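Participant: Structure provided below as structure tokens; questions to follow.
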Amino acid sequence: MLGQWEEEVDEEVMIRCYDERRDRIQMERVEKSCEIGHDDQTLLSTDSLGDPICRIRNSPLFTMLVAEVGNKLVGSIQGSVKPVEYHGKSVRVGYVLGLRVVSRYRRRGIGSILVRKLEEWFVSHNADYAYMATEKDNEASLGLFVGKLSYVVFRNPTILVNPVNPGRSSKLPSDIGIRMLKVKEAESLYRRHVVATTEFFPDDIDRILRNKLSVGTWAAYYKDDNIGSWAMLSVWDSSKVFKLTIKKAPLSYLLLTKVSNLFGKLLSLLGITSLPDLFTPFGFYFLYGVYAEGPLSGKLVRALCEHVHNMSASDDDGARKVVVVEVDGGSNGDDDALSRCIPHWKMLSCEDDMWCIKPLQCEEKMNGFSEFSNMCLRSKPRSSLFVDPRDV
Ligand SMILES: CC(C)(COP(=O)(O)OP(=O)(O)OC[C@H]1O[C@@H](n2cnc3c(N)ncnc32)[C@H](O)[C@@H]1OP(=O)(O)O)[C@@H](O)C(=O)NCCC(=O)NCCS
């Protein structure tokens with residue numbers, strides 16, 4: 001694919017599909033040169049364990065495009081397509097991720113071309129919408145997607161992060177039972193209770209639950225049958241796909257890490273969670289499909305999270321140093337209540353996530369773009385967000 005953008009860049013740019021054999025090493029360099037900061041002071045580095053397309057490999061349909069100048073890779077983008085429930089309808093959505101342009105080639109239109117080419121690929125695979133996630137302070141990304149390419153911000157999820165204290169298990173309340181569900185049971189509960197209350201529920205939930213990275217689904221209940229409350233969640237092992245490392249952090253964080261390292265054993269004896277070493281590569285368990293029903297279900301969600309913490313704490317390899325959950329931001333009543341029962345450290349969590357969406361081929365269905373924007377805004381209070389672990 002040769003672009004129609006030659007007036008924007010002085011050298012010819014070629015957009016083509018990623019070729020694993022030819023591009024893997026150069027691609028790692030592009031990725032390294034574009035490491036993204038969490039804010040002005042935190043820098044999170046991703047190690048794809050030698051596989052640049054590790055984040056999309058588990059999706060039913062995916063691609064990666066690269067931008068090449070001469071023989072040099074200067075940018076890339078990844079995308080996947082899947083069927084979901086959106087506003088009560090079955091639609092196909094394309095997820096945009098991993099957009100990178102090396103700094104010397106920025107502001108020459110390469111990022112825009114990569115997104116447009118990926119959108120064309122989405123349309124050719126019958127996607128109705130394209131969506132992406134970024135951070136509130138990523139001006140370049142918001143300028144490109146919202147400012148230039150007409151994406152609309154439709155959700156502000158919060159990423160909650162809880163450190164794992166190796167070797168220390170929390171005692172679960174004696175009035176609560178926890179049971180691991182079979183895949184069929186989990187699928188049936190999700191389809192019966194969760195589809196109607198969430199946006200972006202994946203139609204292929206069975207594939208997710210059966211994926212080798214899906215550790216399992218657990219339900220919590222009160223042993224006393226008269227309390228009509230229950231909760232469930234599923235666990236995804238992201239540590240087998242990629243590892244993260246904090247490269248740069250605020251001073252307060254560095255100090256806390258030092259204290260934790262010095263007094264870790266003592267803190268543990270006192271039952272206080274110490275900060276794990278996040279300056280060396282770490283993986284995490286991602287909790288998805290968190291659902292709760294009934295007046296006392298908050299305590300059940302907490303117990304399920306503690307249960308996953310205990311699983312990670314007793315892992316022999318110690319590879320999962322944090323447990324991560326993504327819930328809808330403060331505007332949604334249900335998710336706000338949920339985030340209050342999910343154990344997390346504010347210092348490690350991030351409230352700045354932004355999800356943006358754009359219709360690709362449903363202009364006639366939507367009667368124009370303003371109706372689409374209104375629909376996105378209206379969707380906020382009605383339902384929570386189902387975060388597909390394959391998108392993490
Ligand atoms: C985001 C990124 C891919 C943009 O690539 P790019 O090739 O520079 O993008 P384009 O040249 O196509 O820019 C298109 C428009 O986006 C906006 N934009 C791009 N960079 C911007 C910046 N730093 N600040 C504000 N707006 C910006 C502008 O509206 C720009 O149009 P203009 O140049 O006519 O003003 C690049 O900055 C990058 O790789 N950043 C690091 C990785 C990253 O944050 N990826 C996004 C993750 S979601």
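Residue numbering restarts at 1 in every chain; chains get A, B, ... in the order shown in the structure tokens, and ligands count up from 1 in that same order.
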Output the neighbourhood of ligand 1 as an MDAnalysis selection string, that is, all protein and nucleic acid residues with some atom at most 9 Å from the ligand, counting only C-alpha atoms and all ligand atoms.
Facilitator: chainID A and resid 8 31 33:37 75:77 96:103 105:115 132:135 138:149
Participant: Pull the helix (DSSP H, G or I) assignments for region 156-349 of chain A out of DSSP run on the backbone, and list those residues as an NGL selection string.
Facilitator: :A and (183-197 or 205-210 or 238-240 or 251-269 or 297-313 or 333-341)
Participant: Need the shell around region 190-197 of chain A: protein/DNA/RNA residues with any atom at most 10 Å away, counting only C-alpha atoms. Skip same-chain ones fewer than 4 positions apart. Format as a list in words?
Facilitator: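 In the requested form, the answer reads Val84, Glu85, Tyr86, His87, Gly88, Lys184, Glu185, Ala186, Phe201, Pro202, Asp203, Ile205, Asp206, Met232, Leu233, Gly289, Val290, Tyr291, Ala292, Glu293, Asp334, Arg382, Ser383, Ser384, Leu385 and Phe386 of chain A.
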Participant: Taking only C-alpha atoms into account, which of A:Thr158, A:Asn126, A:Thr280, A:Ser48 comes nearest Ser239 (chain A)?
Facilitator: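 Of the candidates, the smallest distance to Ser239 (chain A) is held by A:Ser48.
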Participant: A:Leu360, A:Cys350, A:Ile246, A:Met311: which is nearest Arg168 (chain A), counting only C-alpha atoms?
Facilitator: A:Met311
Participant: For Trp345 (chain A), work out the shell of residues within 10 Å, counting only C-alpha atoms and skipping chain neighbours fewer than 5 positions away, then give it as a PDB file with C-alpha atoms, in the first residue's frame.
Facilitator:
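Just written: out-v8.pdb:
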ATOM      1  CA  LEU A 160      -7.376  -0.028  39.905  1.00  0.00           C
ATOM      2  CA  VAL A 161      -4.089  -1.648  40.891  1.00  0.00           C
ATOM      3  CA  ASN A 162      -3.433  -3.670  44.034  1.00  0.00           C
ATOM      4  CA  PRO A 163       0.063  -4.893  44.981  1.00  0.00           C
ATOM      5  CA  LEU A 275       5.230  -2.261  47.802  1.00  0.00           C
ATOM      6  CA  CYS A 350      -4.946   5.532  37.175  1.00  0.00           C
TER       7      CYS A 350
END
Participant: One number please: CA of Cys341 (chain A) to CA of Pro295 (chain A), in Å, one decimal.
Facilitator: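 We find that CA of Cys341 (chain A) and CA of Pro295 (chain A) lie 13.1 Å from each other.
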Participant: Pick out each residue of region 22-132 of chain A that DSSP on the backbone tags as strand (DSSP E or B); I need them as a PyMOL selection string.
Facilitator: chain A and resi 37+43-47+61-69+72-86+89-101+129-132
Participant: Please identify all polymer residues within 7 Å of Leu65 (chain A), counting only C-alpha atoms, omitting same-chain residues fewer than 5 positions from it, and present them as a list in words.
Facilitator: Ile15, Arg16, Cys17, Tyr18, Ser76, Ile77 and Gln78 of chain A
Participant: Keeping only C-alpha atoms, take the residues you just selected and write them out as a PDB file, in the first residue's frame.
Facilitator:
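Contents of part29.pdb, freshly written:
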ATOM      1  CA  ILE A  15       2.220   1.157   4.673  1.00  0.00           C
ATOM      2  CA  ARG A  16       2.201  -2.621   4.674  1.00  0.00           C
ATOM      3  CA  CYS A  17       1.360  -5.588   6.868  1.00  0.00           C
ATOM      4  CA  TYR A  18       3.823  -6.523   9.572  1.00  0.00           C
ATOM      5  CA  SER A  76       3.129   0.841  13.506  1.00  0.00           C
ATOM      6  CA  ILE A  77      -0.462   0.193  14.487  1.00  0.00           C
ATOM      7  CA  GLN A  78      -2.379  -2.890  15.594  1.00  0.00           C
TER       8      GLN A  78
END
Participant: Compare A:Val13, A:Ala303, A:Asn310, A:Lys212 by their minimum atom-to-atom distance to Asn71 (chain A), counting only C-alpha atoms, and give me the closest one.
Facilitator: A:Val13
Participant: Which residue is closest to Ser188 (chain A)? Choose from A:Asp23, A:Ser170, A:Thr217, A:Lys32 and count only C-alpha atoms.
Facilitator: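 Result for the nearest residue to Ser188 (chain A): A:Thr217.
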Participant: Nearest to Leu213 (chain A) among A:Arg390, A:Arg21, A:His125, A:Arg340, with distances taken over only C-alpha atoms: which residue is it?
Facilitator: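 The answer is A:Arg390, which sits nearest to Leu213 (chain A).
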Participant: When you count only C-alpha atoms, which of these residues is closest to Ile159 (chain A): A:Cys356, A:Val323, A:Ala337, A:Val241?
Facilitator: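 Under the stated criterion, the closest residue is A:Val323.
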Participant: Could you give me, as number ranges by chain, the residues within 8 Å of Gly216 (chain A), counting only C-alpha atoms and dropping anything in the same chain fewer than 4 positions from it?
Facilitator: A: 180-181, 183, 209, 234-236
Participant: Could you list, as number ranges by chain, every residue within 10 Å of Gly167 (chain A), counting only C-alpha atoms and ignoring same-chain residues fewer than 2 positions away?
Facilitator: A: 164-165, 169, 268, 310-316, 318
Participant: Include N, CA and C atoms and write out the residues we just selected as a JSON list (two decimals), in the first residue's frame.
Facilitator:
[["chain", "number", "residue", "atom", "x", "y", "z"],
["A", 164, "VAL", "N", 0.65, -7.20, 45.22],
["A", 164, "VAL", "CA", 0.57, -8.55, 45.81],
["A", 164, "VAL", "C", 1.67, -8.68, 46.85],
["A", 165, "ASN", "N", 1.32, -9.19, 47.99],
["A", 165, "ASN", "CA", 2.30, -9.40, 49.06],
["A", 165, "ASN", "C", 2.71, -10.87, 49.04],
["A", 169, "SER", "N", -1.17, -14.57, 52.80],
["A", 169, "SER", "CA", -2.56, -14.78, 52.40],
["A", 169, "SER", "C", -3.50, -14.06, 53.35],
["A", 268, "SER", "N", 5.50, -7.07, 56.60],
["A", 268, "SER", "CA", 4.75, -8.29, 56.35],
["A", 268, "SER", "C", 4.33, -8.95, 57.67],
["A", 310, "ASN", "N", -4.64, -13.93, 47.05],
["A", 310, "ASN", "CA", -4.02, -15.10, 47.70],
["A", 310, "ASN", "C", -3.43, -16.05, 46.66],
["A", 311, "MET", "N", -4.13, -16.18, 45.53],
["A", 311, "MET", "CA", -3.62, -17.04, 44.45],
["A", 311, "MET", "C", -2.26, -16.51, 43.96],
["A", 312, "SER", "N", -2.21, -15.18, 43.74],
["A", 312, "SER", "CA", -0.95, -14.59, 43.23],
["A", 312, "SER", "C", 0.14, -14.68, 44.29],
["A", 313, "ALA", "N", -0.25, -14.46, 45.56],
["A", 313, "ALA", "CA", 0.75, -14.46, 46.64],
["A", 313, "ALA", "C", 1.38, -15.84, 46.80],
["A", 314, "SER", "N", 0.63, -16.88, 46.44],
["A", 314, "SER", "CA", 1.18, -18.22, 46.66],
["A", 314, "SER", "C", 1.79, -18.80, 45.38],
["A", 315, "ASP", "N", 1.76, -18.01, 44.28],
["A", 315, "ASP", "CA", 2.40, -18.49, 43.04],
["A", 315, "ASP", "C", 3.88, -18.76, 43.29],
["A", 316, "ASP", "N", 4.36, -19.90, 42.81],
["A", 316, "ASP", "CA", 5.77, -20.22, 43.05],
["A", 316, "ASP", "C", 6.71, -19.25, 42.34],
["A", 318, "GLY", "N", 6.20, -16.10, 41.52],
["A", 318, "GLY", "CA", 6.10, -14.70, 41.96],
["A", 318, "GLY", "C", 6.02, -13.72, 40.80]]
